[in-house]
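Asks: Pasting in a structure now, in structure tokens, and then I'll have a few things to ask.
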Amino acid sequence: MDLIDLSTRRGSTEDFEDFLRRLCARLGVDYASYATINPVSGAVQGYATYGEAWKRHYMDQRLHLIDPTLHKPALSIAPVDWSRFDRDAQFRKVFDAARDFGVASQGITVPIRGPWGDRGLLSVTAAMSDHDWRLLTRQMVGDLQMAAVHMHDAVMRSGLLLPQMALPQLSAREREVLQWVAAGKNQQDVGDILGISIRTVEVHLRSAREKLGALTTVQAVGRAVAMGLIHPR
Amino acid sequence: MIHIVDSLNKSEHAALLEAMFRLRKRVFHDRLGWDVVIRDGREIDAFDDLDPAHVISVDDQGQVVGCMRLLQTTGPHMLADVFSSILDGEPPLRSATLWEATRFCVDTARLGSGRGPNTISHVTSEVMIGAFEYGMAAGITDAVAVIDPVMDRVLKRSGNAPHGYLGSPKPMGKVTALAALMDVSDERIRSIRDFAGIHYDVFAPQPHRIAAE
């Protein structure tokens, strides 16, 4: 599994690192980072405002493979305070070293889920007393939620991760089937119109649903229309 | 007493989850007649595999007597993907500070009517307090709950009336389902607590801090 600093990738349309830097300044925290796991390659991709020395150490030591703040918060629907990892040996291994680079082990990670099953993580850290940290997190957690969804959606829209996620690649047959379903035809009708069996209609429909990340056909039609992949009349 | 069980701590709470899935089977399949899938006496659906958080109420004897399932509306959730008919063709709400509550139920066979501990009203309030306080700590400002008219009346009578509804009620098994909106706020929590006379910390002791508690 690779770790990719997206800021080194060409083609980014937005300055995500600058967004994170301004977020730090506004909230009064030291550092912020955003990460997402590429659903195809499994690579951890993201942005961080950490200093170059800590970034280099983190990548050289391949700490992303063990860092629980990159793997566990996505399992939660709520922000996860890093105090939850206090007794986690792998957390200690990553963040005991972090202190030498001026990075606190006091942090919080906000997990965000996208409609395609994609997940992103926005984390901030700050060196301060436990008391002050509690006050600060309570005060900023709503802002962090809004920042996290903004950042995640923007990264997903940018197409940096996976261009085909931004626009699912539907075959002509899949589009045809969806088009007729959108026009109110049932599967038998669609099969008759296109001269294919009901079973084949079902296979194309199922595939189209999966590409669109939809659980139901109605939802797949809705998404395909919204994305301009089909045009019901 | 309320336990929050999610995919981070579910290995420590396997028995609670098991009892909760069995309670959901008794309520949603046996009593309400919803079109739900039962496996080995448990009601489990695709959304239980998407790492939701479960709010689980346990009585003095350690029995699971109430539960609710929470999902983020930014990701896949029931109103977007299953209950979309309730929304009359409108797109679902999507917000980082809006959670969806589904599979909200209490054990009416075990609990009594009236007020006080071990009543339907008390456990309903305890589950709502648990969910709202968990949401507050997570920076959540609103909730949309898929409920039936009976639960809707219970909420209205217990200092916890929904402030609005999305779309229109739709038949779901023997009852109808509706999407109720509630603010997640100190005022609402205080109102539920006052009605139910619950002035203690509802949460079971946690080995860690819940979000920004």
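Ordered as shown in the structure tokens, chains take letters A, B, and onward, while each chain numbers its residues from 1 and ligands are numbered from 1 in the order shown.
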Name the residues of region 62-200 of chain A that come out as strand (DSSP E or B) in a backbone DSSP run; write them as a PyMOL selection string.

Replies: chain A and resi 80-81+107-113+119-125

Asks: Quick one: which residues from chain B are at most 6 Å off chain A, using only C-alpha atoms, as a PyMOL selection string?

Replies: chain B and resi 7-8+51+74-76+96+138-139+208+211-212

Asks: Keeping N, CA and C atoms, export the residues of the selection given above as a PDB file, in the first residue's frame.

Replies:
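Result file follows (again_24.pdb):
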ATOM      1  N   SER B   7     -18.413  -0.008  14.775  1.00  0.00           N
ATOM      2  CA  SER B   7     -17.439  -0.978  14.276  1.00  0.00           C
ATOM      3  C   SER B   7     -16.075  -0.836  14.942  1.00  0.00           C
ATOM      4  N   LEU B   8     -15.895   0.228  15.737  1.00  0.00           N
ATOM      5  CA  LEU B   8     -14.640   0.369  16.478  1.00  0.00           C
ATOM      6  C   LEU B   8     -14.641  -0.502  17.733  1.00  0.00           C
ATOM      7  N   ASP B  51     -20.957  -0.029   8.807  1.00  0.00           N
ATOM      8  CA  ASP B  51     -20.375   0.594   9.993  1.00  0.00           C
ATOM      9  C   ASP B  51     -21.248   1.692  10.607  1.00  0.00           C
ATOM     10  N   THR B  74     -24.222  11.934   4.746  1.00  0.00           N
ATOM     11  CA  THR B  74     -23.306  12.211   3.629  1.00  0.00           C
ATOM     12  C   THR B  74     -23.024  10.944   2.831  1.00  0.00           C
ATOM     13  N   GLY B  75     -23.188   9.791   3.483  1.00  0.00           N
ATOM     14  CA  GLY B  75     -22.895   8.519   2.833  1.00  0.00           C
ATOM     15  C   GLY B  75     -24.173   7.751   2.538  1.00  0.00           C
ATOM     16  N   PRO B  76     -24.044   6.478   2.136  1.00  0.00           N
ATOM     17  CA  PRO B  76     -25.240   5.670   1.897  1.00  0.00           C
ATOM     18  C   PRO B  76     -26.084   5.601   3.166  1.00  0.00           C
ATOM     19  N   ALA B  96     -23.205  17.027   6.664  1.00  0.00           N
ATOM     20  CA  ALA B  96     -22.256  16.450   7.619  1.00  0.00           C
ATOM     21  C   ALA B  96     -22.775  16.549   9.046  1.00  0.00           C
ATOM     22  N   ALA B 138     -20.592  14.994  18.791  1.00  0.00           N
ATOM     23  CA  ALA B 138     -19.982  14.815  17.474  1.00  0.00           C
ATOM     24  C   ALA B 138     -20.193  16.040  16.580  1.00  0.00           C
ATOM     25  N   GLY B 139     -20.816  17.099  17.112  1.00  0.00           N
ATOM     26  CA  GLY B 139     -21.045  18.307  16.320  1.00  0.00           C
ATOM     27  C   GLY B 139     -22.282  18.216  15.441  1.00  0.00           C
ATOM     28  N   HIS B 208     -13.102   5.222  26.999  1.00  0.00           N
ATOM     29  CA  HIS B 208     -12.536   6.317  26.208  1.00  0.00           C
ATOM     30  C   HIS B 208     -13.541   7.460  26.132  1.00  0.00           C
ATOM     31  N   ALA B 211     -16.073  11.229  21.191  1.00  0.00           N
ATOM     32  CA  ALA B 211     -15.875  12.405  20.344  1.00  0.00           C
ATOM     33  C   ALA B 211     -15.453  13.606  21.178  1.00  0.00           C
ATOM     34  N   ALA B 212     -16.154  14.718  21.065  1.00  0.00           N
ATOM     35  CA  ALA B 212     -15.749  15.949  21.748  1.00  0.00           C
ATOM     36  C   ALA B 212     -16.562  16.142  23.014  1.00  0.00           C
TER      37      ALA B 212
END

Asks: Might you pull out every residue within 6 Å of region 145-149 of chain B, with only C-alpha atoms counted and same-chain residues fewer than 6 positions away left off, and present them as an MDAnalysis selection string?

Replies: chainID B and resid 100:102 176:180

Asks: Export C-alpha atoms of the chosen residues as a short mmCIF file (atom, residue, chain, number, x, y, z; two decimals), in the first residue's frame?

Replies:
data_model
loop_
_atom_site.label_atom_id
_atom_site.label_comp_id
_atom_site.auth_asym_id
_atom_site.auth_seq_id
_atom_site.Cartn_x
_atom_site.Cartn_y
_atom_site.Cartn_z
CA GLU B 100 -30.25 9.50 10.05
CA ALA B 101 -31.93 7.36 12.72
CA THR B 102 -33.54 4.09 11.66
CA THR B 176 -46.84 3.35 7.62
CA ALA B 177 -43.38 4.87 7.78
CA LEU B 178 -42.60 8.55 7.98
CA ALA B 179 -39.44 10.65 8.03
CA ALA B 180 -39.43 12.95 11.08
#

Asks: Fewer than 3 positions away in the same chain doesn't count, so skip those; otherwise give me all residues within 6 Å of region 37-48 of chain B, counting only C-alpha atoms, as a PyMOL selection string.

Replies: chain B and resi 21-22+24-25

Asks: Take the residues that were just selected and, keeping N, CA and C atoms, output them as a PDB file, in the first residue's frame.

Replies:
ATOM      1  N   PHE B  21     -30.139  -7.424  17.543  1.00  0.00           N
ATOM      2  CA  PHE B  21     -30.658  -7.925  16.265  1.00  0.00           C
ATOM      3  C   PHE B  21     -31.874  -8.826  16.493  1.00  0.00           C
ATOM      4  N   ARG B  22     -31.908  -9.531  17.632  1.00  0.00           N
ATOM      5  CA  ARG B  22     -33.062 -10.381  17.941  1.00  0.00           C
ATOM      6  C   ARG B  22     -34.275  -9.516  18.343  1.00  0.00           C
ATOM      7  N   ARG B  24     -34.817  -6.495  17.236  1.00  0.00           N
ATOM      8  CA  ARG B  24     -35.291  -5.913  15.972  1.00  0.00           C
ATOM      9  C   ARG B  24     -36.136  -6.903  15.196  1.00  0.00           C
ATOM     10  N   LYS B  25     -35.785  -8.181  15.220  1.00  0.00           N
ATOM     11  CA  LYS B  25     -36.586  -9.202  14.543  1.00  0.00           C
ATOM     12  C   LYS B  25     -37.978  -9.271  15.166  1.00  0.00           C
TER      13      LYS B  25
END

Asks: List the neighbours of region 13-26 of chain A out to 7 Å using only C-alpha atoms; skip same-chain residues closer than 5 positions along the sequence, and give me the result as a compact mmCIF listing (two decimals) with C-alpha atoms, in the first residue's frame.

Replies:
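Done, and the output landed in selection-v7.txt:
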# COMPACT_ATOMS: atom_id res chain seq x y z
CA TYR A 31 -1.62 20.96 11.96
CA ALA A 32 -4.33 19.52 9.75
CA SER A 33 -4.38 16.62 7.33
CA TYR A 47 -2.76 16.37 2.00
CA ALA A 48 -1.10 17.58 5.19
CA THR A 49 0.27 20.82 6.61
CA SER A 158 -11.29 16.92 -8.55

Asks: Give me the residues near Met128 (chain A) as a CSV table (one decimal) with N, CA, C and O atoms, in the first residue's frame, where near means some atom within 9 Å (using only C-alpha atoms) and where sequence neighbours in that chain fewer than 3 positions away do not count.

Replies:
chain,number,residue,atom,x,y,z
A,104,ALA,N,2.0,17.1,18.0
A,104,ALA,CA,1.4,16.6,19.2
A,104,ALA,C,0.7,15.3,19.0
A,104,ALA,O,0.3,15.0,17.9
A,106,GLN,N,-2.0,14.8,20.6
A,106,GLN,CA,-3.4,15.2,20.9
A,106,GLN,C,-4.1,15.6,19.6
A,106,GLN,O,-3.7,16.5,19.0
A,131,HIS,N,-7.2,19.9,29.4
A,131,HIS,CA,-8.3,20.7,29.7
A,131,HIS,C,-8.6,21.6,28.5
A,131,HIS,O,-9.8,21.7,28.0
A,132,ASP,N,-7.6,22.3,28.0
A,132,ASP,CA,-7.8,23.3,26.9
A,132,ASP,C,-8.2,22.5,25.6
A,132,ASP,O,-9.0,23.0,24.8
A,133,TRP,N,-7.6,21.3,25.4
A,133,TRP,CA,-8.0,20.5,24.3
A,133,TRP,C,-9.4,20.1,24.3
A,133,TRP,O,-10.1,20.2,23.3

Asks: May I have the residues within 6 Å of region 79-93 of chain B as a PyMOL selection string, using only C-alpha atoms and disregarding those fewer than 6 positions away in the same chain?

Replies: chain B and resi 167-168+170

Asks: For the selection you just gave me, I'd like the residues written to a file as a CSV table (one decimal), in the first residue's frame, keeping C-alpha atoms.

Replies:
chain,number,residue,atom,x,y,z
B,167,GLY,CA,-42.3,13.8,2.0
B,168,SER,CA,-45.3,11.9,3.0
B,170,LYS,CA,-45.8,5.5,3.0

Asks: What is the CA of Val127 (chain B)-CA of Ser123 (chain A) distance in Å, reported with one decimal?

Replies: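 Atom-to-atom, CA of Val127 (chain B) to CA of Ser123 (chain A), that is 29.4 Å.
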